[in-house]
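Shown here: protein_8.cif, mmCIF, C-alpha atoms.
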data_entry
#
loop_
_atom_site.group_PDB
_atom_site.id
_atom_site.type_symbol
_atom_site.label_atom_id
_atom_site.label_comp_id
_atom_site.auth_asym_id
_atom_site.auth_seq_id
_atom_site.Cartn_x
_atom_site.Cartn_y
_atom_site.Cartn_z
ATOM 1 C CA MET A 137 148.905 10.238 75.859
ATOM 2 C CA ARG A 138 146.824 13.120 74.544
ATOM 3 C CA GLU A 139 148.911 13.101 71.355
ATOM 4 C CA VAL A 140 148.239 9.379 70.868
ATOM 5 C CA VAL A 141 144.497 9.917 71.293
ATOM 6 C CA ALA A 142 144.546 12.846 68.870
ATOM 7 C CA HIS A 143 146.586 10.923 66.300
ATOM 8 C CA ALA A 144 144.274 7.909 66.567
ATOM 9 C CA GLU A 145 141.235 10.183 66.361
ATOM 10 C CA ALA A 146 139.763 8.117 69.183
ATOM 11 C CA PRO A 147 137.961 9.078 72.351
ATOM 12 C CA ARG A 148 140.253 9.270 75.383
ATOM 13 C CA GLY A 149 138.209 6.610 77.157
ATOM 14 C CA SER A 150 139.067 4.029 74.498
ATOM 15 C CA LEU A 151 142.781 4.568 75.104
ATOM 16 C CA GLN A 152 142.274 3.994 78.819
ATOM 17 C CA HIS A 153 140.185 0.931 78.004
ATOM 18 C CA TYR A 154 142.857 -0.668 75.789
ATOM 19 C CA PHE A 155 145.799 0.540 77.876
ATOM 20 C CA PRO A 156 144.651 0.500 81.512
ATOM 21 C CA GLY A 157 148.339 0.560 82.547
ATOM 22 C CA GLY A 158 148.684 3.989 80.960
ATOM 23 C CA LYS A 159 151.798 5.293 79.300
ATOM 24 C CA GLU A 160 154.041 2.503 80.620
ATOM 25 C CA GLN A 161 151.789 -0.192 79.154
ATOM 26 C CA LEU A 162 151.557 1.652 75.834
ATOM 27 C CA PHE A 163 155.342 2.043 75.615
ATOM 28 C CA GLY A 164 155.866 -1.572 76.675
ATOM 29 C CA GLU A 165 153.619 -2.833 73.920
ATOM 30 C CA ALA A 166 155.314 -0.523 71.421
ATOM 31 C CA ILE A 167 158.696 -1.963 72.430
ATOM 32 C CA ASP A 168 157.411 -5.532 72.049
ATOM 33 C CA TRP A 169 155.960 -4.701 68.630
ATOM 34 C CA ALA A 170 159.202 -3.059 67.496
ATOM 35 C CA GLY A 171 161.258 -6.124 68.450
ATOM 36 C CA ARG A 172 158.940 -8.398 66.468
ATOM 37 C CA TYR A 173 158.970 -5.938 63.545
ATOM 38 C CA ALA A 174 162.765 -5.847 63.381
ATOM 39 C CA ALA A 175 163.015 -9.654 63.666
ATOM 40 C CA ARG A 176 160.503 -10.085 60.822
ATOM 41 C CA ARG A 177 162.581 -7.783 58.634
ATOM 42 C CA VAL A 178 165.601 -10.020 59.163
ATOM 43 C CA THR A 179 163.599 -13.128 58.291
ATOM 44 C CA ARG A 180 162.194 -11.495 55.142
ATOM 45 C CA ALA A 181 165.651 -10.320 54.148
ATOM 46 C CA MET A 182 167.107 -13.805 54.585
ATOM 47 C CA ASP A 183 164.253 -15.364 52.622
ATOM 48 C CA SER A 184 164.851 -12.926 49.756
ATOM 49 C CA LEU A 185 168.486 -13.944 49.236
ATOM 50 C CA THR A 186 169.304 -16.396 46.473
ATOM 51 C CA ASP A 187 172.945 -16.704 47.556
ATOM 52 C CA PRO A 188 172.979 -15.885 51.265
ATOM 53 C CA THR A 189 176.137 -14.332 52.644
ATOM 54 C CA PRO A 190 176.514 -12.290 55.814
ATOM 55 C CA SER A 191 177.151 -9.118 53.825
ATOM 56 C CA ALA A 192 174.138 -9.733 51.586
ATOM 57 C CA LEU A 193 171.932 -10.289 54.637
ATOM 58 C CA PHE A 194 173.113 -7.048 56.223
ATOM 59 C CA ALA A 195 172.656 -5.146 52.962
ATOM 60 C CA ALA A 196 169.120 -6.515 52.582
ATOM 61 C CA VAL A 197 168.183 -5.565 56.142
ATOM 62 C CA VAL A 198 169.614 -2.065 55.745
ATOM 63 C CA GLU A 199 167.800 -1.710 52.415
ATOM 64 C CA TYR A 200 164.407 -1.874 54.158
ATOM 65 C CA TRP A 201 165.228 1.245 56.137
ATOM 66 C CA ARG A 202 166.985 2.919 53.233
ATOM 67 C CA ALA A 203 163.892 2.469 51.060
ATOM 68 C CA GLU A 204 161.663 3.896 53.802
ATOM 69 C CA PHE A 205 163.825 6.996 54.155
ATOM 70 C CA VAL A 206 163.803 7.570 50.404
ATOM 71 C CA GLU A 207 160.055 6.900 50.113
ATOM 72 C CA ILE A 208 158.594 8.652 53.166
ATOM 73 C CA GLY A 209 161.337 10.969 54.334
ATOM 74 C CA TYR A 210 163.632 11.058 57.298
ATOM 75 C CA ASP A 211 161.164 11.648 60.107
ATOM 76 C CA TYR A 212 161.113 8.004 61.147
ATOM 77 C CA GLY A 213 163.798 5.502 61.986
ATOM 78 C CA CYS A 214 163.886 2.285 63.897
ATOM 79 C CA PRO A 215 160.849 2.254 66.181
ATOM 80 C CA LEU A 216 162.723 0.222 68.771
ATOM 81 C CA VAL A 217 165.564 2.639 69.351
ATOM 82 C CA ALA A 218 163.205 5.616 69.418
ATOM 83 C CA THR A 219 161.052 3.996 72.063
ATOM 84 C CA VAL A 220 164.033 2.841 74.098
ATOM 85 C CA THR A 221 165.673 6.249 74.017
ATOM 86 C CA ASP A 222 162.548 7.897 75.348
ATOM 87 C CA THR A 223 161.499 5.400 77.994
ATOM 88 C CA ALA A 224 163.976 2.738 79.082
ATOM 89 C CA ALA A 225 165.944 4.945 81.439
ATOM 90 C CA SER A 226 162.829 5.884 83.372
ATOM 91 C CA SER A 227 161.435 2.412 83.994
ATOM 92 C CA GLU A 228 163.087 -0.890 84.864
ATOM 93 C CA PRO A 229 160.206 -2.942 83.399
ATOM 94 C CA LEU A 230 160.481 -1.012 80.121
ATOM 95 C CA ARG A 231 164.261 -1.430 80.096
ATOM 96 C CA GLU A 232 163.781 -5.182 80.492
ATOM 97 C CA ARG A 233 161.220 -5.265 77.680
ATOM 98 C CA ALA A 234 163.580 -3.293 75.474
ATOM 99 C CA ASN A 235 166.361 -5.767 76.213
ATOM 100 C CA ASP A 236 163.994 -8.619 75.317
ATOM 101 C CA ALA A 237 163.096 -6.854 72.062
ATOM 102 C CA PHE A 238 166.751 -6.512 71.075
ATOM 103 C CA VAL A 239 167.300 -10.184 71.963
ATOM 104 C CA GLN A 240 164.344 -11.058 69.724
ATOM 105 C CA TRP A 241 165.876 -9.007 66.906
ATOM 106 C CA ARG A 242 169.292 -10.660 67.308
ATOM 107 C CA LYS A 243 167.967 -14.239 67.232
ATOM 108 C CA PRO A 244 167.160 -14.447 63.505
ATOM 109 C CA ILE A 245 170.442 -12.706 62.673
ATOM 110 C CA VAL A 246 172.441 -15.196 64.741
ATOM 111 C CA SER A 247 170.528 -18.101 63.237
ATOM 112 C CA ALA A 248 171.068 -16.853 59.686
ATOM 113 C CA LEU A 249 174.776 -16.263 60.247
ATOM 114 C CA GLU A 250 175.193 -19.741 61.718
ATOM 115 C CA GLN A 251 173.391 -21.224 58.691
ATOM 116 C CA MET A 252 175.916 -19.423 56.498
ATOM 117 C CA GLY A 253 178.822 -20.998 58.365
ATOM 118 C CA VAL A 254 179.707 -18.379 60.967
ATOM 119 C CA PRO A 255 180.685 -20.023 64.268
ATOM 120 C CA ALA A 256 178.041 -19.540 66.995
ATOM 121 C CA ALA A 257 180.050 -17.280 69.299
ATOM 122 C CA ARG A 258 181.117 -15.082 66.404
ATOM 123 C CA ALA A 259 177.559 -15.002 65.024
ATOM 124 C CA ALA A 260 176.282 -13.624 68.337
ATOM 125 C CA SER A 261 178.883 -10.861 68.456
ATOM 126 C CA LEU A 262 178.395 -9.986 64.780
ATOM 127 C CA ALA A 263 174.638 -9.676 65.342
ATOM 128 C CA VAL A 264 175.368 -7.042 67.994
ATOM 129 C CA LEU A 265 177.739 -5.286 65.605
ATOM 130 C CA MET A 266 175.208 -5.365 62.757
ATOM 131 C CA ILE A 267 172.393 -3.920 64.865
ATOM 132 C CA SER A 268 174.669 -1.299 66.415
ATOM 133 C CA ALA A 269 175.998 -0.188 63.037
ATOM 134 C CA LEU A 270 172.498 -0.057 61.582
ATOM 135 C CA GLU A 271 171.090 1.918 64.511
ATOM 136 C CA GLY A 272 173.936 4.426 64.394
ATOM 137 C CA ALA A 273 173.542 4.822 60.643
ATOM 138 C CA LEU A 274 169.796 5.358 61.054
ATOM 139 C CA VAL A 275 170.425 8.200 63.492
ATOM 140 C CA LEU A 276 172.936 9.799 61.132
ATOM 141 C CA ALA A 277 170.624 9.371 58.140
ATOM 142 C CA ARG A 278 167.819 11.103 60.009
ATOM 143 C CA VAL A 279 169.894 14.125 61.006
ATOM 144 C CA GLU A 280 171.685 14.360 57.654
ATOM 145 C CA HIS A 281 168.530 13.755 55.594
ATOM 146 C CA ALA A 282 170.623 11.457 53.436
ATOM 147 C CA VAL A 283 171.184 7.703 53.140
ATOM 148 C CA ALA A 284 174.978 7.970 52.862
ATOM 149 C CA ALA A 285 175.548 6.580 56.381
ATOM 150 C CA LEU A 286 173.454 3.516 55.549
ATOM 151 C CA ASP A 287 175.430 2.944 52.362
ATOM 152 C CA THR A 288 178.692 3.376 54.266
ATOM 153 C CA VAL A 289 177.931 0.767 56.941
ATOM 154 C CA VAL A 290 176.908 -1.743 54.283
ATOM 155 C CA GLU A 291 180.095 -1.137 52.299
ATOM 156 C CA GLU A 292 182.478 -1.103 55.253
ATOM 157 C CA LEU A 293 180.946 -3.876 57.335
ATOM 158 C CA GLY A 294 180.332 -6.299 54.448
ATOM 159 C CA PRO A 295 183.899 -7.629 54.156
ATOM 160 C CA VAL A 296 184.152 -8.055 57.938
ATOM 161 C CA LEU A 297 180.941 -10.065 57.994
ATOM 162 C CA ASP A 298 181.909 -12.281 55.066
ATOM 163 C CA ALA A 299 185.371 -12.941 56.528
ATOM 164 C CA ALA A 300 183.689 -14.542 59.566
ATOM 165 C CA VAL A 301 182.358 -17.462 57.509
ATOM 166 C CA ASP A 302 184.191 -20.696 58.219
ATOM 167 C CA LYS A 303 184.175 -22.176 54.712
ATOM 168 C CA ARG A 304 184.411 -25.690 56.181
ATOM 169 C CA ARG A 305 181.217 -25.176 58.200
ATOM 170 C CA ARG A 306 178.992 -23.537 55.590
ATOM 171 C CA ARG A 307 175.663 -25.385 55.431
#
When written as C-alpha cells, how does the structure in this file appear?
Amino acid sequence: MREVVAHAEAPRGSLQHYFPGGKEQLFGEAIDWAGRYAARRVTRAMDSLTDPTPSALFAAVVEYWRAEFVEIGYDYGCPLVATVTDTAASSEPLRERANDAFVQWRKPIVSALEQMGVPAARAASLAVLMISALEGALVLARVEHAVAALDTVVEELGPVLDAAVDKRRRR
C-alpha cells in the first residue's frame, strides 16, 4: 500500500479514504477495472475490422498488446493476469472477482465469434483458447523482451479459429 501511495504522490490518508477496505478492496477494484479494460479492447478490435473473421479479431486483439510492448517496453502485460497471480490465491472474494473479470472479457469474444458464424458452444470454448493463448504469449513476451510469442499465437491459432466458422450460419 505504501508503494501505491508513493506512486500516486498522495497522502496516505487519502488512500484509506478511497479504499477503506484496504489492500483487498484496492486489488478487487483493480481486477474489476482490468476485466472491463480487456473487454473494451475486444469491442474496439471488432469495430475496427472491415471483414471480420475469427483470426482477424484475434490478431487485432493481440496487436493492442504487441504495440504496447514495442512502444513502452516489456515491463507491463495484461493487468488482469498480473493482479490475479498476485492475489486470487489468497482471497476467495478476489478469486471470485477475477473469475467475473475473465467472464466479462470472454463475453464480447463469444458474441463476436457467434456473429461471424461460429456455433455458440464452440465460440465459448474458442474464447477460452484465445485468452489462454494470449495470456501465455504475454508472459513469454515479457520474459523474452520480444514479441515473437505474440506473433506465433496469431499465426498458429488463426487457421483453427477460422475453421470453426459454419459458413451456413455466418451473419
**Request:** Using all atoms listed in the file, find the one residue out of A:Ala225, A:Ile245, A:Glu207, A:Val198 that sits nearest to Ala284 in chain A.
**Result:**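 Smallest distance to Ala284 in chain A is found for A:Val198.
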**Among the residues A:Leu151, A:Leu193, A:Ala237, A:Val246, the one that comes closest to Tyr173 in chain A [using all atoms listed in the file]** =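 Using all atoms listed in the file, Tyr173 in chain A sits closest to A:Ala237.
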**Prompt:** Interatomic distance between CA of Glu139 in chain A and CA of Val239 in chain A?
**Reply:**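 It comes out at 29.7 Å.
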**Request:** Can you turn the PyMOL selection byres ((chain A and resi 247-264) around 8) into a concrete residue list for this file, as an MDAnalysis selection string?
**Result:** chainID A and resid 182 188:190 242:246 265:268 297 300:307
Using only C-alpha atoms, please write the residues we just selected to a file, as an mmCIF file, keeping the file's coordinate frame.
data_model
loop_
_atom_site.group_PDB
_atom_site.id
_atom_site.type_symbol
_atom_site.label_atom_id
_atom_site.label_comp_id
_atom_site.auth_asym_id
_atom_site.auth_seq_id
_atom_site.Cartn_x
_atom_site.Cartn_y
_atom_site.Cartn_z
ATOM 1 C CA MET A 182 167.107 -13.805 54.585
ATOM 2 C CA PRO A 188 172.979 -15.885 51.265
ATOM 3 C CA THR A 189 176.137 -14.332 52.644
ATOM 4 C CA PRO A 190 176.514 -12.290 55.814
ATOM 5 C CA ARG A 242 169.292 -10.660 67.308
ATOM 6 C CA LYS A 243 167.967 -14.239 67.232
ATOM 7 C CA PRO A 244 167.160 -14.447 63.505
ATOM 8 C CA ILE A 245 170.442 -12.706 62.673
ATOM 9 C CA VAL A 246 172.441 -15.196 64.741
ATOM 10 C CA LEU A 265 177.739 -5.286 65.605
ATOM 11 C CA MET A 266 175.208 -5.365 62.757
ATOM 12 C CA ILE A 267 172.393 -3.920 64.865
ATOM 13 C CA SER A 268 174.669 -1.299 66.415
ATOM 14 C CA LEU A 297 180.941 -10.065 57.994
ATOM 15 C CA ALA A 300 183.689 -14.542 59.566
ATOM 16 C CA VAL A 301 182.358 -17.462 57.509
ATOM 17 C CA ASP A 302 184.191 -20.696 58.219
ATOM 18 C CA LYS A 303 184.175 -22.176 54.712
ATOM 19 C CA ARG A 304 184.411 -25.690 56.181
ATOM 20 C CA ARG A 305 181.217 -25.176 58.200
ATOM 21 C CA ARG A 306 178.992 -23.537 55.590
ATOM 22 C CA ARG A 307 175.663 -25.385 55.431
#
**Request:** Would you mind telling me which residue in A:Ala146, A:Val283, A:Leu162, A:Val296 lies nearest to Glu204 in chain A when using all atoms listed in the file?
**Result:** A:Val283
**Request:** Work out how far apart CA of Arg177 in chain A and CA of Val220 in chain A are and give it in Å to one decimal.
**Result:** 18.8 Å
**Prompt:** Using all atoms listed in the file, which of A:Arg231, A:His281, A:Arg180, A:His153 sits nearest Phe194 in chain A?
**Reply:**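 Once distances to Phe194 in chain A are computed over all atoms listed in the file, the minimum belongs to A:Arg180.
You will find CA of Glu280 in chain A at 23.6 Å from CA of Ala170 in chain A.
Here the question is which of A:Ala195, A:Val217, A:Ala234, A:Ala299 gets nearest to Val275 in chain A using all atoms listed in the file, and that residue is A:Val217.
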